[in-house]
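J.: The structure file upload.cif (mmCIF, C-alpha atoms) is provided below.
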```
data_final
loop_
_atom_site.label_atom_id
_atom_site.label_comp_id
_atom_site.auth_asym_id
_atom_site.auth_seq_id
_atom_site.Cartn_x
_atom_site.Cartn_y
_atom_site.Cartn_z
CA MET A 18 -26.56 9.25 -26.15
CA ILE A 19 -23.40 8.57 -28.17
CA ASP A 20 -22.48 11.27 -30.68
CA VAL A 21 -19.53 11.89 -32.97
CA VAL A 22 -17.56 13.74 -30.26
CA ASP A 23 -17.87 10.77 -27.92
CA LEU A 24 -16.65 8.38 -30.60
CA LEU A 25 -13.73 10.72 -31.35
CA ARG A 26 -12.83 10.70 -27.65
CA CYS A 27 -12.95 6.90 -27.66
CA LEU A 28 -10.55 6.76 -30.61
CA LEU A 29 -8.16 9.34 -29.06
CA VAL A 30 -8.06 7.41 -25.77
CA LEU A 31 -7.50 4.22 -27.75
CA ALA A 32 -4.57 5.87 -29.57
CA ALA A 33 -3.12 6.96 -26.21
CA PHE A 34 -3.67 3.43 -24.86
CA LEU A 35 -1.67 1.94 -27.74
CA VAL A 36 1.13 4.55 -27.80
CA LEU A 37 1.82 5.49 -24.15
CA PRO A 38 2.58 1.92 -22.93
CA LEU A 39 5.07 1.53 -25.80
CA ALA A 40 6.72 4.82 -24.77
CA VAL A 41 6.94 3.57 -21.16
CA GLY A 42 8.33 0.26 -22.43
CA GLN A 43 11.02 2.08 -24.41
CA LEU A 44 11.71 4.25 -21.37
CA GLU A 45 12.18 1.06 -19.34
CA HIS A 46 14.52 -0.51 -21.93
CA LYS A 47 16.77 2.52 -22.02
CA THR A 48 16.60 3.55 -18.35
CA MET A 49 17.41 0.04 -17.12
CA ALA A 50 20.17 -0.31 -19.70
CA HIS A 51 21.93 2.89 -18.70
CA MET A 52 21.47 2.28 -14.97
CA GLN A 53 23.15 -1.10 -15.53
CA SER A 54 25.97 0.33 -17.69
CA ARG A 55 24.85 -1.18 -20.99
CA VAL A 56 23.14 0.28 -24.06
CA GLY A 57 20.00 -1.84 -24.47
CA PRO A 58 18.43 -2.56 -27.88
CA MET A 59 20.21 -0.47 -30.53
CA TYR A 60 19.42 -1.89 -34.00
CA ALA A 61 15.66 -1.96 -34.70
CA GLY A 62 14.60 1.27 -36.46
CA GLY A 63 18.12 2.68 -36.66
CA PHE A 64 18.08 5.40 -33.99
CA HIS A 65 18.87 3.84 -30.59
CA GLY A 66 16.58 0.88 -31.31
CA TRP A 67 13.38 2.97 -31.07
CA ALA A 68 11.39 0.37 -33.06
CA GLN A 69 12.33 -2.59 -30.84
CA LEU A 70 8.87 -2.85 -29.26
CA VAL A 71 7.18 -2.56 -32.67
CA ALA A 72 9.38 -5.41 -33.90
CA ASP A 73 8.47 -7.40 -30.78
CA GLY A 74 4.78 -6.82 -31.52
CA VAL A 75 5.15 -8.04 -35.11
CA LYS A 76 6.96 -11.12 -33.83
CA PHE A 77 4.28 -11.84 -31.20
CA ALA A 78 1.53 -11.58 -33.85
CA GLN A 79 3.17 -14.34 -35.90
CA LYS A 80 3.67 -16.77 -33.01
CA GLU A 81 1.86 -20.07 -32.75
CA ASP A 82 -1.00 -20.30 -30.25
CA VAL A 83 -0.41 -23.13 -27.78
CA VAL A 84 -3.05 -24.01 -25.16
CA PRO A 85 -1.90 -26.87 -22.90
CA ARG A 86 -4.12 -29.95 -23.02
CA ALA A 87 -4.66 -29.90 -19.25
CA ALA A 88 -5.73 -26.24 -19.19
CA ASP A 89 -9.28 -24.97 -18.70
CA ARG A 90 -9.49 -23.72 -22.26
CA PRO A 91 -12.17 -20.94 -22.25
CA VAL A 92 -10.84 -19.34 -19.05
CA PHE A 93 -7.24 -19.67 -20.25
CA ALA A 94 -8.11 -18.00 -23.57
CA LEU A 95 -10.15 -15.20 -22.01
CA ALA A 96 -7.71 -14.24 -19.23
CA PRO A 97 -5.39 -11.92 -21.26
CA ALA A 98 -8.36 -9.84 -22.47
CA VAL A 99 -9.69 -9.54 -18.91
CA ALA A 100 -6.26 -8.28 -17.85
CA LEU A 101 -5.95 -5.76 -20.70
CA VAL A 102 -9.35 -4.14 -21.35
CA PRO A 103 -9.96 -2.63 -17.85
CA TYR A 104 -6.88 -0.41 -18.17
CA LEU A 105 -8.31 1.08 -21.39
CA VAL A 106 -11.57 1.85 -19.57
CA VAL A 107 -9.72 3.48 -16.64
CA LEU A 108 -7.61 5.57 -19.02
CA PHE A 109 -10.88 6.87 -20.48
CA VAL A 110 -11.91 8.61 -17.22
CA ILE A 111 -8.49 10.08 -16.27
CA PRO A 112 -8.30 13.76 -17.31
CA LEU A 113 -5.35 15.36 -19.14
CA GLY A 114 -7.04 18.77 -18.94
CA PRO A 115 -10.28 20.37 -17.67
CA SER A 116 -12.12 19.17 -20.78
CA MET A 117 -9.54 16.72 -22.11
CA VAL A 118 -11.13 13.64 -20.61
CA GLY A 119 -13.08 10.76 -22.11
CA ALA A 120 -15.89 11.13 -19.57
CA ASP A 121 -15.87 13.23 -16.39
CA LEU A 122 -17.87 10.88 -14.14
CA ASP A 123 -19.05 12.23 -10.78
CA LEU A 124 -17.93 8.89 -9.34
CA GLY A 125 -14.65 9.04 -11.31
CA LEU A 126 -12.25 8.05 -8.51
CA PHE A 127 -14.47 5.20 -7.27
CA PHE A 128 -14.98 4.00 -10.84
CA ALA A 129 -11.26 4.10 -11.66
CA LEU A 130 -10.26 2.12 -8.55
CA ALA A 131 -13.04 -0.43 -9.05
CA VAL A 132 -12.26 -1.05 -12.73
CA MET A 133 -8.49 -1.17 -12.08
CA SER A 134 -9.07 -4.06 -9.68
CA VAL A 135 -10.80 -6.06 -12.41
CA GLY A 136 -7.51 -6.29 -14.33
CA VAL A 137 -6.01 -8.43 -11.56
CA LEU A 138 -8.75 -11.00 -12.16
CA GLY A 139 -7.11 -11.73 -15.54
CA THR A 140 -3.91 -12.78 -13.77
CA LEU A 141 -5.87 -14.91 -11.29
CA MET A 142 -7.81 -16.55 -14.13
CA GLY A 143 -4.60 -17.31 -16.01
CA GLY A 144 -2.95 -18.69 -12.87
CA TRP A 145 -5.82 -21.08 -12.15
CA ALA A 146 -6.77 -22.09 -15.70
CA SER A 147 -3.23 -23.04 -16.75
CA ALA A 148 -3.38 -26.22 -14.61
CA ASN A 149 0.32 -25.75 -13.97
CA LYS A 150 1.95 -25.83 -10.52
CA TYR A 151 4.06 -22.74 -11.15
CA SER A 152 1.01 -20.87 -12.42
CA LEU A 153 -1.06 -21.93 -9.43
CA LEU A 154 1.64 -20.81 -6.96
CA GLY A 155 1.98 -17.52 -8.82
CA GLY A 156 -1.78 -17.08 -8.86
CA LEU A 157 -1.99 -17.69 -5.10
CA ARG A 158 0.75 -15.11 -4.59
CA THR A 159 -1.27 -12.67 -6.71
CA ALA A 160 -4.31 -13.30 -4.51
CA SER A 161 -2.25 -12.83 -1.37
CA GLN A 162 -0.89 -9.57 -2.78
CA LEU A 163 -4.44 -8.43 -3.56
CA MET A 164 -5.33 -8.78 0.14
CA SER A 165 -2.51 -6.49 1.18
CA TYR A 166 -2.37 -3.63 -1.30
CA GLU A 167 -6.04 -3.01 -2.08
CA LEU A 168 -6.96 -1.46 1.26
CA PRO A 169 -4.03 1.00 1.64
CA MET A 170 -4.56 2.06 -1.98
CA VAL A 171 -8.26 2.80 -1.49
CA LEU A 172 -7.70 4.61 1.84
CA ALA A 173 -4.92 6.75 0.33
CA ALA A 174 -7.17 7.70 -2.59
CA VAL A 175 -10.02 8.62 -0.20
CA SER A 176 -7.67 11.14 1.39
CA ALA A 177 -7.44 13.08 -1.90
CA ALA A 178 -11.23 12.90 -2.32
CA MET A 179 -11.66 14.34 1.20
CA MET A 180 -9.41 17.31 0.41
CA ALA A 181 -11.38 18.06 -2.77
CA GLY A 182 -14.80 17.15 -1.38
CA SER A 183 -15.57 15.33 -4.61
CA LEU A 184 -15.02 11.98 -6.29
CA SER A 185 -14.80 13.56 -9.77
CA LEU A 186 -11.19 13.34 -11.00
CA VAL A 187 -11.53 16.72 -12.76
CA ALA A 188 -12.83 18.36 -9.56
CA ILE A 189 -9.98 16.83 -7.54
CA VAL A 190 -7.36 18.41 -9.84
CA GLN A 191 -9.23 21.74 -9.78
CA ALA A 192 -9.18 21.71 -5.97
CA TRP A 193 -5.48 20.82 -5.87
CA GLU A 194 -3.10 23.22 -4.16
CA TRP A 195 0.66 23.18 -3.70
CA SER A 196 0.21 22.56 0.02
CA TRP A 197 -1.20 19.08 -0.84
CA LEU A 198 2.36 18.00 -1.62
CA LEU A 199 3.02 18.42 2.10
CA TRP A 200 -0.28 17.23 3.69
CA GLN A 201 -0.80 14.37 1.27
CA LEU A 202 2.78 13.11 1.11
CA PRO A 203 2.12 9.95 3.20
CA ALA A 204 -0.95 9.13 1.07
CA LEU A 205 1.07 9.74 -2.11
CA CYS A 206 3.81 7.33 -0.98
CA VAL A 207 1.31 4.68 0.12
CA PHE A 208 -0.64 5.00 -3.15
CA VAL A 209 2.47 4.46 -5.29
CA VAL A 210 3.73 1.55 -3.15
CA ALA A 211 0.32 -0.15 -3.22
CA GLY A 212 0.07 0.52 -6.97
CA LEU A 213 3.44 -1.19 -7.55
CA ALA A 214 2.10 -4.22 -5.68
CA GLU A 215 -1.08 -4.21 -7.79
CA LEU A 216 0.95 -4.10 -11.01
CA GLN A 217 3.28 -6.85 -9.71
CA ARG A 218 6.24 -4.62 -10.42
CA PRO A 219 9.55 -5.03 -8.58
CA PRO A 220 10.16 -4.96 -5.63
CA PHE A 221 6.72 -6.66 -5.41
CA ASP A 222 6.99 -9.05 -8.38
CA MET A 223 6.77 -12.22 -6.26
CA PRO A 224 3.88 -13.68 -8.37
CA ILE A 225 6.04 -13.72 -11.50
CA ALA A 226 9.42 -14.21 -9.79
CA ASP A 227 11.36 -15.96 -12.57
CA ALA A 228 13.89 -17.59 -10.26
CA GLU A 229 11.16 -19.21 -8.13
CA VAL A 230 8.00 -19.84 -10.18
CA ILE A 231 9.27 -19.45 -13.81
CA LEU A 232 6.81 -16.72 -14.79
CA GLY A 233 3.97 -17.49 -12.37
CA PRO A 234 0.51 -17.18 -13.96
CA TYR A 235 2.05 -16.41 -17.37
CA THR A 236 4.19 -19.59 -17.52
CA GLU A 237 1.99 -21.38 -20.07
CA TYR A 238 1.29 -18.31 -22.18
CA GLY A 239 3.05 -17.48 -25.43
CA GLY A 240 2.53 -15.48 -28.58
CA MET A 241 -0.30 -12.93 -28.76
CA ARG A 242 -1.88 -13.83 -25.42
CA PHE A 243 1.44 -13.30 -23.63
CA ALA A 244 1.87 -10.00 -25.51
CA MET A 245 -1.54 -8.91 -24.17
CA PHE A 246 -0.44 -9.60 -20.59
CA LEU A 247 2.76 -7.67 -21.29
CA LEU A 248 0.82 -4.74 -22.78
CA ALA A 249 -1.48 -4.85 -19.74
CA GLU A 250 1.54 -4.46 -17.45
CA TYR A 251 2.79 -1.35 -19.25
CA ALA A 252 -0.72 0.07 -19.63
CA GLY A 253 -1.01 -0.49 -15.88
CA ILE A 254 2.11 1.60 -15.28
CA VAL A 255 0.61 4.39 -17.41
CA VAL A 256 -2.70 4.22 -15.50
CA LEU A 257 -1.03 4.16 -12.08
CA ALA A 258 1.26 7.09 -13.00
CA ALA A 259 -1.62 9.09 -14.48
CA LEU A 260 -3.85 8.41 -11.47
CA THR A 261 -1.05 9.40 -9.07
CA THR A 262 -0.56 12.59 -11.10
CA THR A 263 -4.28 13.35 -11.00
CA LEU A 264 -4.84 12.66 -7.30
CA PHE A 265 -1.68 13.99 -5.69
CA LEU A 266 0.49 15.92 -8.16
CA GLY A 267 -2.04 18.40 -9.54
CA GLY A 268 -2.69 16.86 -12.97
CA TRP A 269 -2.62 19.59 -15.62
CA ARG A 270 -1.84 22.38 -13.09
CA GLY A 271 1.57 23.93 -13.64
CA PRO A 272 3.48 27.19 -13.53
CA SER A 273 2.71 28.18 -17.14
CA SER A 274 -0.47 28.79 -19.14
CA GLU A 275 -3.52 26.55 -18.96
CA GLU A 276 -3.37 25.69 -22.68
CA LEU A 277 -0.21 23.65 -22.10
CA GLY A 278 -1.84 21.78 -19.20
CA TRP A 279 -1.99 18.43 -20.98
CA LEU A 280 1.78 18.70 -21.46
CA TRP A 281 2.26 19.11 -17.71
CA ALA A 282 0.00 16.14 -17.02
CA LEU A 283 1.97 13.97 -19.47
CA LEU A 284 5.29 15.19 -18.07
CA LYS A 285 4.28 14.33 -14.50
CA THR A 286 2.89 10.98 -15.63
CA PHE A 287 6.18 10.06 -17.27
CA ALA A 288 8.14 11.29 -14.24
CA VAL A 289 6.15 8.85 -12.05
CA ALA A 290 6.58 6.09 -14.67
CA PHE A 291 10.33 6.75 -14.62
CA CYS A 292 10.32 6.24 -10.84
CA VAL A 293 8.45 2.94 -11.30
CA VAL A 294 11.24 1.77 -13.64
CA TRP A 295 13.90 3.13 -11.29
CA PHE A 296 12.50 1.14 -8.35
CA ARG A 297 12.80 -2.02 -10.45
CA VAL A 298 16.52 -1.43 -10.92
CA ALA A 299 17.18 -0.18 -7.40
CA TRP A 300 15.49 -2.74 -5.14
CA PRO A 301 15.60 -6.53 -4.80
CA ARG A 302 12.38 -8.55 -4.64
CA LEU A 303 10.57 -8.88 -1.31
CA ARG A 304 9.04 -12.11 0.00
CA GLU A 305 5.25 -12.47 -0.10
CA ASP A 306 4.90 -12.42 3.70
CA GLN A 307 7.14 -9.34 3.86
CA LEU A 308 4.65 -7.50 1.62
CA ASN A 309 1.73 -8.62 3.80
CA ALA A 310 3.58 -7.44 6.92
CA LEU A 311 4.54 -4.15 5.23
CA ALA A 312 0.94 -3.54 4.19
CA TRP A 313 -0.80 -4.33 7.48
CA LYS A 314 1.83 -3.08 9.93
CA LEU A 315 2.94 0.06 8.08
CA LEU A 316 0.78 1.11 5.12
CA VAL A 317 -2.67 0.68 6.77
CA PRO A 318 -1.70 2.50 10.02
CA VAL A 319 -0.05 5.28 7.97
CA THR A 320 -3.17 5.79 5.83
CA LEU A 321 -5.43 5.78 8.92
CA GLY A 322 -3.18 8.52 10.35
CA GLN A 323 -3.37 10.32 7.02
CA LEU A 324 -7.19 10.23 7.08
CA ALA A 325 -7.15 11.78 10.57
CA LEU A 326 -4.68 14.46 9.43
CA THR A 327 -6.73 15.22 6.31
CA THR A 328 -9.91 15.52 8.40
CA VAL A 329 -8.24 18.05 10.70
CA VAL A 330 -6.75 20.02 7.78
CA VAL A 331 -10.13 20.24 6.02
CA LEU A 332 -12.22 21.13 9.08
CA ALA A 333 -9.77 23.40 10.94
CA MET B 21 -37.15 9.20 -13.54
CA SER B 22 -35.74 11.35 -16.37
CA ASP B 23 -32.93 12.49 -14.03
CA TYR B 24 -31.94 8.88 -13.60
CA ALA B 25 -32.02 8.35 -17.37
CA ASP B 26 -29.78 11.40 -17.85
CA TYR B 27 -27.42 10.06 -15.22
CA LEU B 28 -27.19 6.68 -16.94
CA ALA B 29 -26.63 8.46 -20.27
CA SER B 30 -23.40 9.96 -18.87
CA TYR B 31 -22.10 6.39 -18.77
CA ALA B 32 -22.95 5.74 -22.44
CA SER B 33 -19.47 6.77 -23.60
CA VAL B 34 -17.97 4.47 -20.94
CA ALA B 35 -19.98 1.61 -22.42
CA ALA B 36 -18.67 2.68 -25.86
CA ILE B 37 -15.02 2.49 -24.74
CA LEU B 38 -15.71 -0.93 -23.22
CA VAL B 39 -16.97 -2.10 -26.61
CA VAL B 40 -13.88 -0.56 -28.26
CA GLY B 41 -11.69 -2.45 -25.77
CA VAL B 42 -13.38 -5.77 -26.50
CA LEU B 43 -13.01 -5.11 -30.24
CA VAL B 44 -9.29 -4.34 -29.81
CA ALA B 45 -8.70 -7.56 -27.87
CA ALA B 46 -10.69 -9.54 -30.46
CA GLY B 47 -8.76 -7.80 -33.26
CA MET B 48 -5.39 -8.66 -31.73
CA LEU B 49 -6.34 -12.33 -31.36
CA GLY B 50 -7.96 -12.34 -34.82
CA ALA B 51 -4.82 -10.92 -36.46
CA ASN B 52 -2.82 -13.56 -34.63
CA ARG B 53 -5.16 -16.25 -35.96
CA LEU B 54 -4.54 -15.09 -39.56
CA LEU B 55 -0.77 -14.72 -39.25
CA ARG B 56 0.31 -17.67 -37.13
CA PRO B 57 1.52 -21.05 -38.30
CA VAL B 58 -0.10 -24.25 -36.97
CA VAL B 59 2.40 -27.04 -36.40
CA ALA B 60 0.59 -29.61 -34.29
CA ASP B 61 2.72 -31.68 -31.92
CA PRO B 62 1.38 -33.52 -28.84
CA ALA B 63 4.54 -32.65 -26.88
CA LYS B 64 3.70 -28.94 -27.15
CA LEU B 65 0.40 -29.49 -25.36
CA LEU B 66 2.10 -31.00 -22.32
CA THR B 67 2.05 -28.90 -19.12
CA TYR B 68 5.40 -27.17 -18.57
CA GLU B 69 7.25 -28.48 -15.55
CA SER B 70 10.89 -27.48 -16.09
CA GLY B 71 11.36 -29.94 -18.93
CA VAL B 72 10.35 -33.14 -17.14
CA ASP B 73 7.01 -34.95 -17.50
CA PRO B 74 4.40 -33.33 -15.21
CA VAL B 75 3.70 -35.14 -11.94
CA GLY B 76 0.00 -35.37 -11.07
CA SER B 77 -2.45 -32.55 -11.76
CA GLY B 78 -1.50 -28.88 -11.86
CA TRP B 79 -4.40 -28.14 -9.52
CA ALA B 80 -2.44 -29.42 -6.56
CA GLN B 81 -3.47 -28.94 -2.94
CA SER B 82 -1.69 -26.17 -1.14
CA ASN B 83 -1.95 -24.53 2.24
CA VAL B 84 -3.46 -21.04 1.81
CA ARG B 85 -1.84 -19.43 4.80
CA TYR B 86 -2.82 -15.83 4.20
CA TYR B 87 -6.52 -16.49 4.78
CA VAL B 88 -6.40 -14.40 7.98
CA TYR B 89 -5.45 -11.42 5.82
CA ALA B 90 -8.58 -12.12 3.81
CA PHE B 91 -10.70 -11.86 6.99
CA LEU B 92 -9.00 -8.59 7.94
CA TYR B 93 -9.45 -7.31 4.41
CA VAL B 94 -13.20 -8.01 4.41
CA ILE B 95 -13.61 -6.11 7.70
CA PHE B 96 -11.84 -3.05 6.30
CA ALA B 97 -13.42 -3.28 2.85
CA VAL B 98 -16.83 -2.66 4.45
CA ASP B 99 -15.42 0.51 5.94
CA ALA B 100 -13.97 1.63 2.58
CA VAL B 101 -17.45 1.51 1.03
CA PHE B 102 -18.73 3.96 3.69
CA LEU B 103 -15.66 6.19 3.41
CA PHE B 104 -16.22 7.26 -0.21
CA PRO B 105 -19.66 8.89 0.25
CA TRP B 106 -18.57 10.24 3.64
CA ALA B 107 -15.48 11.92 2.08
CA VAL B 108 -17.73 14.02 -0.18
CA VAL B 109 -20.12 15.34 2.50
CA PHE B 110 -18.20 15.43 5.81
CA ALA B 111 -16.86 18.98 5.32
CA ALA B 112 -20.44 20.31 5.09
CA ILE B 113 -21.53 18.52 8.28
CA GLY B 114 -18.42 19.40 10.26
CA TRP B 115 -16.82 17.93 13.37
CA GLN B 116 -19.86 15.81 14.18
CA ALA B 117 -19.29 13.72 11.04
CA ALA B 118 -15.57 13.53 11.73
CA VAL B 119 -16.14 12.19 15.26
CA GLU B 120 -18.65 9.61 14.04
CA MET B 121 -16.25 8.31 11.39
CA ALA B 122 -13.42 8.32 13.97
CA VAL B 123 -15.52 6.12 16.28
CA PHE B 124 -16.29 3.74 13.40
CA LEU B 125 -12.66 3.58 12.23
CA GLY B 126 -11.57 3.24 15.86
CA PHE B 127 -13.63 0.08 16.34
CA ILE B 128 -12.11 -1.44 13.21
CA ALA B 129 -8.60 -0.37 14.18
CA VAL B 130 -9.09 -2.18 17.50
CA GLY B 131 -9.72 -5.30 15.41
CA LEU B 132 -6.42 -4.79 13.61
CA VAL B 133 -4.59 -4.22 16.91
CA TYR B 134 -6.20 -7.40 18.32
CA ALA B 135 -5.07 -9.44 15.29
CA TRP B 136 -1.60 -7.91 15.58
CA ARG B 137 -1.32 -8.75 19.31
CA LYS B 138 -2.58 -12.30 18.66
CA GLY B 139 0.36 -12.65 16.29
CA VAL B 140 -1.60 -13.49 13.14
CA LEU B 141 0.33 -10.82 11.21
CA THR B 142 3.54 -12.78 11.75
CA TRP B 143 4.29 -15.51 9.21
CA THR B 144 4.68 -18.89 10.86
#
```
When written as structure tokens, how does the structure in this file appear?
T.:
Amino acid sequence: MIDVVDLLRCLLVLAAFLVLPLAVGQLEHKTMAHMQSRVGPMYAGGFHGWAQLVADGVKFAQKEDVVPRAADRPVFALAPAVALVPYLVVLFVIPLGPSMVGADLDLGLFFALAVMSVGVLGTLMGGWASANKYSLLGGLRTASQLMSYELPMVLAAVSAAMMAGSLSLVAIVQAWEWSWLLWQLPALCVFVVAGLAELQRPPFDMPIADAEVILGPYTEYGGMRFAMFLLAEYAGIVVLAALTTTLFLGGWRGPSSEELGWLWALLKTFAVAFCVVWFRVAWPRLREDQLNALAWKLLVPVTLGQLALTTVVVLA
Amino acid sequence: MSDYADYLASYASVAAILVVGVLVAAGMLGANRLLRPVVADPAKLLTYESGVDPVGSGWAQSNVRYYVYAFLYVIFAVDAVFLFPWAVVFAAIGWQAAVEMAVFLGFIAVGLVYAWRKGVLTWT
């Protein structure tokens, strides 16, 4: 059952869960600032505003907790935790090295995708329980988005499992070869696009489009509960980037020695996270029906073609 | 039976991290409870509607127009459940397994093509 090593792994993954999203948040502050010809936060902590997110966290912790009278109170209060906790659980099964993993499940890929989907329920719960028209519209957009990205994402991930002949995330990285970058390129692109839609990141941030529905499902949230949704978004970027790295970019595999593998995995993860931030700056928001059309007319046919291609590559 | 118990034991650490996650969430909200001020004001509890008094209930009726996507999604989700176990074993079985999955996926793809031709993928 549980021993000291397992508990240590839990604490290490928890530390990563609390630090990596902040690093991605800082990356977003600075990348967006420089891409938009400004400097971003510069004062907190002294050196280039490195402590801005820590200061934000302290501020959030001291904010008053306001639950609207019309809201469905228990669901409203529970929603941020439902959004946040699944990403911690997914992070636990994603490997940084052959043995640097919380738990190497033989169903790892299936488990990761299934648990990742639970996080979206938090947004849906918040959207419904707020009893606010903006929240409801945002929640419906989230549900609509769920219909379109889930399938391409799952099919793209199956392609990697077919190449490796295993659902274990460690086994998938061990089976990875450089040629995957070529064969699996369509699946890689579809996986990242669908992941952006799952995280409600631009250009797919219609559910929280501030110019249309204020902040969608998060409109009525403030203080710590809002901070938990915010942390869930950045943890989601980390999970998506790490999962993309594991499935398609070879995880800890790199040109140098195996001992530095975790460094390669982190480097690739942050490279993908940088692209996620870059897309936010580069592209305007789509409409909800444009995402549905994109998913069913382009992403699903592309992944079906990818599955056929992968089958031929594996068997031939 | 003991194999099954061993298998379940491999998920014990996953259960542990779930408990850790729940504790973290409870800790964040608990810290907030200790640190925050409470300044009661009935106006704060009003539903936000761009600064004016809310009109009717927030749970308003709306036309859920993407329900056809939900039908399509359910059809394909069934297929996704079969794909995962198939992906692990098809290389050992060979072309026979590939053809069988192609027939299955083909039937479903015909459904997508039918929906596409009927125009349900176009927003009206």
J.: Could you pull the residues within 12 Å of B:Val130, counting all atoms listed in the file, minus those fewer than 6 positions along the same chain, as a PyMOL selection string?
T.: (chain A and resi 318) or (chain B and resi 92+95-96+122-124+136-137)
J.: Nearest residue to chain A out of B:Ala25, B:Ala107, B:Leu43, B:Val133, using only C-alpha atoms?
T.: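 Smallest separation from chain A among the options: B:Ala107.
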J.: Applied to this file, what does the PyMOL selection byres ((chain B) within 8 of (chain A)) return in terms of residues, put as number ranges by chain?
T.: B: 29-34, 36-38, 40-42, 45, 48-49, 51-52, 55-59, 64-69, 77-80, 84, 86, 89-90, 93, 96-97, 100, 103-104, 107-109, 111, 114-115, 118, 122, 141-143
J.: Enumerate, as a list in words, the residues matched when the PyMOL selection byres ((chain A and resi 270) around 9) is run on the file above.
T.: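 Applied to this file, the PyMOL selection byres ((chain A and resi 270) around 9) returns Gly114, Val190, Gln191, Trp193, Leu266, Gly267, Gly268, Trp269, Gly271, Pro272, Ser273, Ser274, Glu275, Gly278, Trp279, Trp281 and Ala282 of chain A.
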J.: Which residues match the PyMOL selection byres ((chain A and resi 56-67) around 12) in the file above, as a list in words?
T.: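 Evaluating the PyMOL selection byres ((chain A and resi 56-67) around 12) on this file yields Leu39, Ala40, Val41, Gly42, Gln43, Leu44, Glu45, His46, Lys47, Thr48, Met49, Ala50, His51, Met52, Gln53, Ser54, Arg55, Ala68, Gln69, Leu70, Val71, Ala72 and Asp73 of chain A.
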J.: Given all atoms listed in the file as the basis, pick out the residue of B:Asp23, B:Ser70, B:Ala46, B:Leu54 nearest to A:Glu229.
T.: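 So, comparing all the options, the nearest one is B:Ser70.
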